[in-house]
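The structure file my_file_32.csv is reproduced below (CSV, C-alpha atoms).
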```csv
chain,number,residue,atom,x,y,z
Z,17,ARG,CA,-9.2,-27.6,9.2
Z,18,THR,CA,-12.0,-28.4,6.8
Z,19,LEU,CA,-13.9,-25.3,7.9
Z,20,VAL,CA,-10.8,-23.2,7.5
Z,21,ASN,CA,-10.3,-24.5,4.0
Z,22,ILE,CA,-14.0,-23.8,3.2
Z,23,ALA,CA,-13.5,-20.2,4.5
Z,24,HIS,CA,-10.5,-19.8,2.1
Z,25,VAL,CA,-12.7,-20.8,-0.9
Z,26,LEU,CA,-15.6,-18.6,0.2
Z,27,PHE,CA,-13.2,-15.6,0.7
Z,28,HIS,CA,-11.8,-16.0,-2.8
Z,29,GLN,CA,-15.3,-16.1,-4.1
Z,30,ASN,CA,-16.0,-12.9,-2.2
Z,31,HIS,CA,-18.6,-14.5,0.0
Z,32,LEU,CA,-17.2,-12.7,3.1
Z,33,GLU,CA,-20.0,-13.2,5.5
Z,34,GLU,CA,-20.0,-17.0,4.8
Z,35,ALA,CA,-16.3,-17.1,5.1
Z,36,MET,CA,-16.4,-15.3,8.5
Z,37,ALA,CA,-19.1,-17.7,9.7
Z,38,SER,CA,-17.0,-20.7,8.7
Z,39,LEU,CA,-14.0,-19.4,10.7
Z,40,ARG,CA,-16.1,-18.7,13.7
Z,41,ASP,CA,-17.5,-22.2,13.6
Z,42,ALA,CA,-13.9,-23.6,13.4
Z,43,VAL,CA,-12.7,-22.0,16.6
Z,44,PRO,CA,-14.6,-24.1,19.2
Z,45,LEU,CA,-13.6,-27.3,17.2
Z,46,ILE,CA,-9.9,-26.8,17.7
Z,47,ASP,CA,-8.5,-29.7,19.5
Z,48,GLN,CA,-5.9,-28.4,21.9
Z,49,ARG,CA,-4.4,-31.9,22.2
Z,50,THR,CA,-3.6,-32.4,18.6
Z,51,MET,CA,-3.5,-28.9,17.1
Z,52,THR,CA,-0.9,-26.2,17.8
Z,53,GLY,CA,-1.6,-22.6,18.4
Z,54,ARG,CA,-0.8,-21.9,14.8
Z,55,THR,CA,-4.2,-23.0,13.7
Z,56,LEU,CA,-5.9,-20.4,16.0
Z,57,ALA,CA,-3.4,-17.8,15.0
Z,58,ALA,CA,-4.1,-18.4,11.3
Z,59,ILE,CA,-7.9,-18.1,12.0
Z,60,HIS,CA,-7.4,-14.8,13.7
Z,61,TYR,CA,-5.3,-13.5,10.8
Z,62,ASN,CA,-7.9,-14.6,8.3
Z,63,MET,CA,-10.6,-13.0,10.3
Z,64,SER,CA,-8.7,-9.8,10.3
Z,65,VAL,CA,-8.3,-9.9,6.5
Z,66,ILE,CA,-12.1,-10.5,6.1
Z,67,LEU,CA,-13.0,-7.7,8.5
Z,68,HIS,CA,-10.6,-5.3,6.8
Z,69,ARG,CA,-12.2,-6.2,3.4
Z,70,GLN,CA,-15.6,-5.5,5.0
Z,71,GLY,CA,-14.5,-2.1,6.2
Z,72,ASP,CA,-14.6,-3.0,9.9
Z,73,HIS,CA,-11.2,-1.5,10.7
Z,74,ALA,CA,-11.5,-1.7,14.5
Z,75,GLN,CA,-12.4,-5.4,14.6
Z,76,ALA,CA,-9.8,-6.1,12.0
Z,77,LEU,CA,-7.1,-4.6,14.3
Z,78,THR,CA,-8.4,-6.6,17.2
Z,79,TYR,CA,-7.9,-9.9,15.5
Z,80,LEU,CA,-4.6,-8.8,13.9
Z,81,ASP,CA,-3.3,-8.0,17.3
Z,82,LYS,CA,-4.3,-11.4,18.5
Z,83,PHE,CA,-2.4,-12.9,15.6
Z,84,LEU,CA,0.7,-10.8,16.4
Z,85,VAL,CA,0.6,-11.9,20.1
Z,86,ALA,CA,0.4,-15.6,19.1
Z,87,ALA,CA,3.0,-15.2,16.3
Z,88,GLU,CA,5.5,-13.8,18.7
Z,89,LYS,CA,5.0,-16.7,21.1
Z,90,LEU,CA,5.2,-19.3,18.3
Z,91,ASN,CA,8.0,-17.8,16.2
Z,92,GLY,CA,9.7,-15.1,18.2
Z,93,HIS,CA,9.6,-11.4,17.3
Z,94,ASP,CA,11.9,-11.4,14.3
Z,95,HIS,CA,9.9,-13.7,12.1
Z,96,LEU,CA,8.9,-12.6,8.5
Z,97,GLN,CA,5.2,-13.3,9.3
Z,98,THR,CA,5.3,-10.7,12.0
Z,99,GLY,CA,6.7,-8.2,9.5
Z,100,ASP,CA,3.9,-9.0,7.0
Z,101,ALA,CA,1.3,-8.6,9.7
Z,102,LEU,CA,2.8,-5.3,10.9
Z,103,HIS,CA,2.6,-4.1,7.3
Z,104,GLU,CA,-1.1,-5.0,7.2
Z,105,LYS,CA,-1.6,-3.2,10.6
Z,106,ALA,CA,0.0,-0.1,9.2
Z,107,ILE,CA,-2.4,-0.2,6.2
Z,108,ILE,CA,-5.4,-0.4,8.5
Z,109,LEU,CA,-4.2,2.5,10.7
Z,110,TYR,CA,-3.4,4.5,7.6
Z,111,GLU,CA,-7.0,4.0,6.3
Z,112,MET,CA,-8.3,5.0,9.7
Z,113,GLY,CA,-6.4,8.3,9.4
Z,114,LYS,CA,-4.1,7.3,12.4
Z,115,PHE,CA,-0.9,8.2,10.6
Z,116,HIS,CA,1.2,8.7,13.6
Z,117,ASP,CA,0.1,5.3,15.1
Z,118,ALA,CA,1.0,3.6,11.8
Z,119,MET,CA,4.6,4.7,11.7
Z,120,GLY,CA,5.8,2.3,14.4
Z,121,PRO,CA,4.4,-0.8,12.7
Z,122,ILE,CA,5.6,0.2,9.2
Z,123,LYS,CA,9.1,0.9,10.4
Z,124,GLU,CA,9.3,-2.5,12.1
Z,125,ALA,CA,7.8,-4.2,9.0
Z,126,ILE,CA,10.5,-2.6,6.9
Z,127,ARG,CA,13.2,-3.8,9.3
Z,128,LEU,CA,11.9,-7.4,9.4
Z,129,ARG,CA,11.3,-7.6,5.6
Z,130,LYS,CA,14.8,-6.3,4.9
Z,131,LYS,CA,16.3,-8.8,7.3
Z,132,HIS,CA,14.6,-11.8,5.8
Z,133,VAL,CA,14.3,-11.0,2.1
Z,134,GLY,CA,16.8,-8.3,1.4
Z,135,GLU,CA,16.9,-4.6,0.6
Z,136,VAL,CA,15.5,-4.9,-2.9
Z,137,ALA,CA,12.5,-7.2,-2.5
Z,138,SER,CA,9.1,-6.2,-3.7
Z,139,CYS,CA,7.6,-6.5,-0.3
Z,140,VAL,CA,10.2,-4.0,1.1
Z,141,ALA,CA,9.3,-1.6,-1.7
Z,142,GLU,CA,5.7,-2.0,-0.8
Z,143,SER,CA,6.4,-1.1,2.9
Z,144,VAL,CA,8.7,1.8,2.0
Z,145,GLU,CA,6.0,3.2,-0.3
Z,146,LEU,CA,3.4,3.1,2.5
Z,147,GLN,CA,5.9,4.8,4.8
Z,148,GLY,CA,6.2,7.6,2.2
Z,149,LYS,CA,2.4,7.9,2.1
Z,150,LEU,CA,2.3,8.2,5.9
Z,151,LEU,CA,5.0,10.9,5.9
Z,152,LEU,CA,3.1,12.7,3.1
Z,153,SER,CA,-0.1,12.6,5.2
Z,154,GLN,CA,1.9,14.2,8.0
Z,155,GLN,CA,3.2,17.0,5.7
Z,156,LYS,CA,6.8,15.7,6.0
Z,157,TYR,CA,7.4,16.3,2.3
Z,158,ASP,CA,11.1,15.8,2.0
Z,159,GLU,CA,11.1,12.6,4.0
Z,160,ALA,CA,8.2,11.3,2.0
Z,161,LEU,CA,9.9,12.1,-1.2
Z,162,GLN,CA,13.0,10.2,-0.1
Z,163,CYS,CA,10.8,7.1,0.7
Z,164,MET,CA,9.1,7.3,-2.7
Z,165,SER,CA,12.3,7.7,-4.6
Z,166,LYS,CA,13.6,4.5,-2.8
Z,167,THR,CA,10.4,2.8,-3.8
Z,168,LEU,CA,10.9,3.5,-7.4
Z,169,GLY,CA,14.5,2.2,-7.4
Z,170,CYS,CA,14.1,-0.4,-4.7
Z,171,CYS,CA,14.0,-3.4,-7.0
Z,172,GLY,CA,16.1,-2.2,-9.8
Z,173,GLY,CA,13.7,-3.3,-12.4
Z,174,ASN,CA,14.1,-3.0,-16.2
Z,175,GLY,CA,13.3,0.7,-16.5
Z,176,GLU,CA,9.7,0.1,-17.6
Z,177,MET,CA,6.9,2.2,-16.2
Z,178,THR,CA,4.2,0.3,-14.3
Z,179,LEU,CA,0.8,1.2,-12.8
Z,180,GLU,CA,2.4,1.0,-9.4
Z,181,ALA,CA,5.3,3.2,-10.4
Z,182,ALA,CA,2.8,5.7,-11.9
Z,183,GLN,CA,0.9,5.9,-8.6
Z,184,THR,CA,4.1,6.5,-6.7
Z,185,LEU,CA,5.0,9.3,-9.1
Z,186,LEU,CA,1.6,10.8,-8.7
Z,187,ASP,CA,2.2,10.9,-4.9
Z,188,MET,CA,5.6,12.4,-5.5
Z,189,GLY,CA,4.0,15.1,-7.8
Z,190,ARG,CA,1.5,15.9,-5.1
Z,191,ALA,CA,4.4,16.2,-2.5
Z,192,TYR,CA,6.4,18.5,-4.8
Z,193,HIS,CA,3.3,20.6,-5.6
Z,194,THR,CA,2.2,21.0,-2.0
Z,195,LYS,CA,5.7,22.0,-0.8
Z,196,GLY,CA,5.8,24.6,-3.6
Z,197,ASP,CA,8.2,23.0,-6.0
Z,198,LYS,CA,6.1,23.4,-9.1
Z,199,SER,CA,8.9,22.7,-11.5
Z,200,SER,CA,9.5,19.3,-10.0
Z,201,ALA,CA,5.8,18.7,-9.8
Z,202,LEU,CA,5.3,19.4,-13.5
Z,203,ALA,CA,8.2,17.2,-14.5
Z,204,THR,CA,7.0,14.3,-12.3
Z,205,TYR,CA,3.3,14.6,-13.4
Z,206,GLY,CA,4.6,14.9,-17.0
Z,207,GLN,CA,6.3,11.4,-16.8
Z,208,VAL,CA,3.0,9.9,-15.8
Z,209,TRP,CA,1.0,11.9,-18.4
Z,210,ASP,CA,3.3,10.8,-21.3
Z,211,TRP,CA,3.2,7.2,-20.2
Z,212,ALA,CA,-0.6,7.2,-19.6
Z,213,LYS,CA,-1.3,8.5,-23.1
Z,214,LYS,CA,0.6,5.6,-24.6
Z,215,PHE,CA,-0.7,3.0,-22.2
Z,216,PHE,CA,-4.4,4.0,-22.0
Z,217,GLY,CA,-4.8,6.1,-25.1
Z,218,PRO,CA,-5.2,9.9,-25.2
Z,219,ASN,CA,-8.9,10.0,-24.4
Z,220,HIS,CA,-8.9,7.9,-21.3
Z,221,ALA,CA,-10.2,9.4,-18.0
Z,222,PHE,CA,-6.9,8.8,-16.2
Z,223,VAL,CA,-5.1,10.8,-18.9
Z,224,ALA,CA,-7.6,13.6,-18.6
Z,225,ARG,CA,-7.2,13.6,-14.8
Z,226,ILE,CA,-3.4,14.0,-15.0
Z,227,GLY,CA,-3.8,16.6,-17.8
Z,228,GLY,CA,-6.1,18.6,-15.5
Z,229,ILE,CA,-3.6,18.5,-12.7
Z,230,ILE,CA,-0.8,19.7,-14.9
Z,231,SER,CA,-3.0,22.4,-16.4
Z,232,GLY,CA,-3.9,23.7,-13.0
Z,233,ILE,CA,-0.3,24.0,-11.9
Z,234,GLN,CA,0.7,25.7,-15.2
Z,235,GLN,CA,-2.2,28.1,-14.8
Z,236,SER,CA,-1.2,29.0,-11.3
Z,237,GLU,CA,2.4,29.6,-12.5
Z,238,ARG,CA,1.4,31.9,-15.4
Z,239,GLY,CA,-1.8,33.3,-14.0
Z,240,SER,CA,-3.6,32.6,-17.3
Z,241,PRO,CA,-6.0,29.9,-18.6
Z,242,THR,CA,-4.7,26.8,-20.4
Z,243,ASN,CA,-8.0,25.7,-22.0
Z,244,GLY,CA,-7.9,22.5,-19.9
Z,245,ARG,CA,-4.8,21.1,-21.6
Z,246,PRO,CA,-1.1,21.0,-20.5
Z,247,ALA,CA,1.0,23.5,-22.4
Z,248,LYS,CA,2.9,22.0,-25.3
Z,249,ARG,CA,6.2,23.1,-23.7
Z,250,LEU,CA,5.9,20.4,-21.1
Z,251,LYS,CA,8.3,17.6,-21.9
Z,252,GLN,CA,9.0,14.3,-20.1
Z,253,GLU,CA,12.0,14.8,-17.8
Z,254,GLY,CA,14.1,12.4,-15.9
Z,255,GLY,CA,13.5,9.4,-18.3
Z,256,LYS,CA,11.5,6.4,-17.4
Z,257,SER,CA,11.1,5.4,-13.8
Z,258,LYS,CA,12.6,2.3,-12.4
Z,259,ARG,CA,10.2,0.0,-10.5
Z,260,MET,CA,9.9,-3.5,-9.4
Z,261,SER,CA,9.2,-5.9,-12.1
```

Give the structure from this file in structure tokens form.
Amino acid sequence: RTLVNIAHVLFHQNHLEEAMASLRDAVPLIDQRTMTGRTLAAIHYNMSVILHRQGDHAQALTYLDKFLVAAEKLNGHDHLQTGDALHEKAIILYEMGKFHDAMGPIKEAIRLRKKHVGEVASCVAESVELQGKLLLSQQKYDEALQCMSKTLGCCGGNGEMTLEAAQTLLDMGRAYHTKGDKSSALATYGQVWDWAKKFFGPNHAFVARIGGIISGIQQSERGSPTNGRPAKRLKQEGGKSKRMS
């Protein structure tokens, strides 16, 4: 347990190689007579997190699957920890470009998280958002937009825009634009653009990025240049987005 605790400290200090070495050293020291399988399962999960951080997706999946097997034996299939691990598995598969393979884990993660923490919990919104990204990557635009809309309203919130909500709206704007709904794309990007100018200031790179996207869509609509700036006729539509607090 001391080595596991040391690994936690090293991980939070971003000393990933040292943290991994500490966990490996801990494995042969596990006393099967006095320690349960939970200790080894926790080590496997932590190894997966470190390997994922290091970019070794294949090995991260290997250790995460070992954790999932152990977790099912220890807790049964319907435990919240299984849902959390399945969410992490879906993230890794998404980053590997295995969008179809990630759909099963993320759907099950959503089911388990809803079962244990309710429909409007932040972790549910997190999983629904990832499902939307997976659907968008598979060019299932309408289904993706439904997930993203649920994400924005999942936790009710206080109506204030957040960085997370802005990112979701950017994904929605991309979905609208790709499916050919330029009007909705402009309205959605416009919400982010108006908020970003207030949050970051008008000269920030993020503001320029969104402005460039809007300009490109407007130019494609009119077939004329916009001098790199969104047309003044663009107004914020739909009010402020709801998002988890």

Inset, instruction - Name all residues at most 9 Å from Glu88 (chain Z) (count all atoms listed in the file; drop same-chain ones fewer than 6 positions away) and give them as JSON, numbers by chain. - result: {"Z": [94, 95, 98]}

Inset, instruction - Quick one: everything within 9 Å of Ala118 (chain Z), counting all atoms listed in the file, minus sequence neighbours fewer than 3 positions away in the same chain. Send it as an MDAnalysis selection string. - result: chainID Z and resid 105:110 114:115 121:123 147 150

Inset, instruction - Pick out the closest residue to Arg54 (chain Z) from this set: Z:Thr167, Z:Gln234, Z:Asn91, Z:Gln155. Count all atoms listed in the file. - result: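 Of the candidates, the smallest distance to Arg54 (chain Z) is held by Z:Asn91.
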
Could you build a table of the residues in region 189-216 of chain Z lying no more than 10 Å from region 174-185 of chain Z, giving for each the nearest pair of atoms and their separation in Å rounded to one decimal place, using only C-alpha atoms, ordered by chain and ascending residue number, as a Markdown table?
```
| residue | atom | partner | partner_atom | distance |
| --- | --- | --- | --- | --- |
| Z:Gly189 | CA | Z:Leu185 | CA | 6.0 |
| Z:Arg190 | CA | Z:Leu185 | CA | 8.5 |
| Z:Ala191 | CA | Z:Leu185 | CA | 9.6 |
| Z:Ala201 | CA | Z:Leu185 | CA | 9.5 |
| Z:Thr204 | CA | Z:Leu185 | CA | 6.3 |
| Z:Tyr205 | CA | Z:Leu185 | CA | 7.0 |
| Z:Gly206 | CA | Z:Leu185 | CA | 9.7 |
| Z:Gln207 | CA | Z:Leu185 | CA | 8.1 |
| Z:Val208 | CA | Z:Ala182 | CA | 5.7 |
| Z:Trp209 | CA | Z:Ala182 | CA | 9.2 |
| Z:Trp211 | CA | Z:Met177 | CA | 7.4 |
| Z:Ala212 | CA | Z:Ala182 | CA | 8.5 |
| Z:Phe215 | CA | Z:Thr178 | CA | 9.7 |
```

Legend entry - Coordinates-based distance that separates CA of Asp187 (chain Z) from CA of Cys163 (chain Z) (Å, one decimal):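 Computing it gives 10.9 Å between the two atoms.
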
Inset, instruction - Would you list the residues near (10.3, 12.3, -1.3), meaning any protein, DNA or RNA residue with an atom at most 10 Å from that point in file coordinates, counting only C-alpha atoms, as an MDAnalysis selection string? - result: chainID Z and resid 148:149 151:152 156:167 185 187:189 191:192

Go ahead and write the residues just picked, C-alpha atoms, as a PDB file, in the frame of the given file.
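The new file out-v4.pdb reads:
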```
ATOM      1  CA  GLY Z 148       6.200   7.600   2.200  1.00  0.00           C
ATOM      2  CA  LYS Z 149       2.400   7.900   2.100  1.00  0.00           C
ATOM      3  CA  LEU Z 151       5.000  10.900   5.900  1.00  0.00           C
ATOM      4  CA  LEU Z 152       3.100  12.700   3.100  1.00  0.00           C
ATOM      5  CA  LYS Z 156       6.800  15.700   6.000  1.00  0.00           C
ATOM      6  CA  TYR Z 157       7.400  16.300   2.300  1.00  0.00           C
ATOM      7  CA  ASP Z 158      11.100  15.800   2.000  1.00  0.00           C
ATOM      8  CA  GLU Z 159      11.100  12.600   4.000  1.00  0.00           C
ATOM      9  CA  ALA Z 160       8.200  11.300   2.000  1.00  0.00           C
ATOM     10  CA  LEU Z 161       9.900  12.100  -1.200  1.00  0.00           C
ATOM     11  CA  GLN Z 162      13.000  10.200  -0.100  1.00  0.00           C
ATOM     12  CA  CYS Z 163      10.800   7.100   0.700  1.00  0.00           C
ATOM     13  CA  MET Z 164       9.100   7.300  -2.700  1.00  0.00           C
ATOM     14  CA  SER Z 165      12.300   7.700  -4.600  1.00  0.00           C
ATOM     15  CA  LYS Z 166      13.600   4.500  -2.800  1.00  0.00           C
ATOM     16  CA  THR Z 167      10.400   2.800  -3.800  1.00  0.00           C
ATOM     17  CA  LEU Z 185       5.000   9.300  -9.100  1.00  0.00           C
ATOM     18  CA  ASP Z 187       2.200  10.900  -4.900  1.00  0.00           C
ATOM     19  CA  MET Z 188       5.600  12.400  -5.500  1.00  0.00           C
ATOM     20  CA  GLY Z 189       4.000  15.100  -7.800  1.00  0.00           C
ATOM     21  CA  ALA Z 191       4.400  16.200  -2.500  1.00  0.00           C
ATOM     22  CA  TYR Z 192       6.400  18.500  -4.800  1.00  0.00           C
TER      23      TYR Z 192
END
```

Legend entry - Long-range neighbours of region 21-30 of chain Z as a ChimeraX atom specification, 10 Å cut-off, all atoms listed in the file, 6 positions minimum in chain: /Z:36-40,42,59,62-63,65-66,69

Inset, instruction - Pick out the residues sitting within 9 Å of His73 (chain Z), and hand them over as a list in words; count all atoms listed in the file, and ignore anything fewer than 4 positions along from it in its own chain. - result: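 Close residues of His73 (chain Z): Ser64, Leu67, His68, Arg69, Leu77, Thr78, Ile108, Leu109, Glu111 and Met112 of chain Z.
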
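Atom pair CA of Val43 (chain Z) / CA of Leu128 (chain Z): separated by 29.5 Å.
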
Legend entry - Atom-to-atom span, CA of Leu186 (chain Z) and CA of Asp72 (chain Z), Å: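 These atoms are spaced 28.3 Å apart.
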
Legend entry - Which of Z:Ala57, Z:Ser138, Z:Glu104, Z:Val133 sits closest to Ala76 (chain Z) [using only C-alpha atoms]: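 Distance minimum relative to Ala76 (chain Z) lands on Z:Glu104.
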
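In terms of minimum interatomic distance to Ile126 (chain Z), Z:Ala101 ranks closest within Z:Leu45, Z:Ala101, Z:Ile233, Z:Leu80, counting only C-alpha atoms.
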
Inset, instruction - Using only C-alpha atoms, collect all residues at a distance of at most 9 Å from (5.3, -4.1, 1.8) as written in the file, then present them as a list in words. - result: Gly99, Asp100, His103, Glu104, Ile122, Ala125, Ile126, Arg129, Ala137, Ser138, Cys139, Val140, Ala141, Glu142, Ser143, Val144, Glu145 and Leu146 of chain Z

Inset, instruction - Rank nothing, just name the residue among Z:Leu202, Z:Ala58, Z:Ala74, Z:Leu90 nearest to Ile229 (chain Z), using only C-alpha atoms. - result: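 The closest residue to Ile229 (chain Z) is Z:Leu202.
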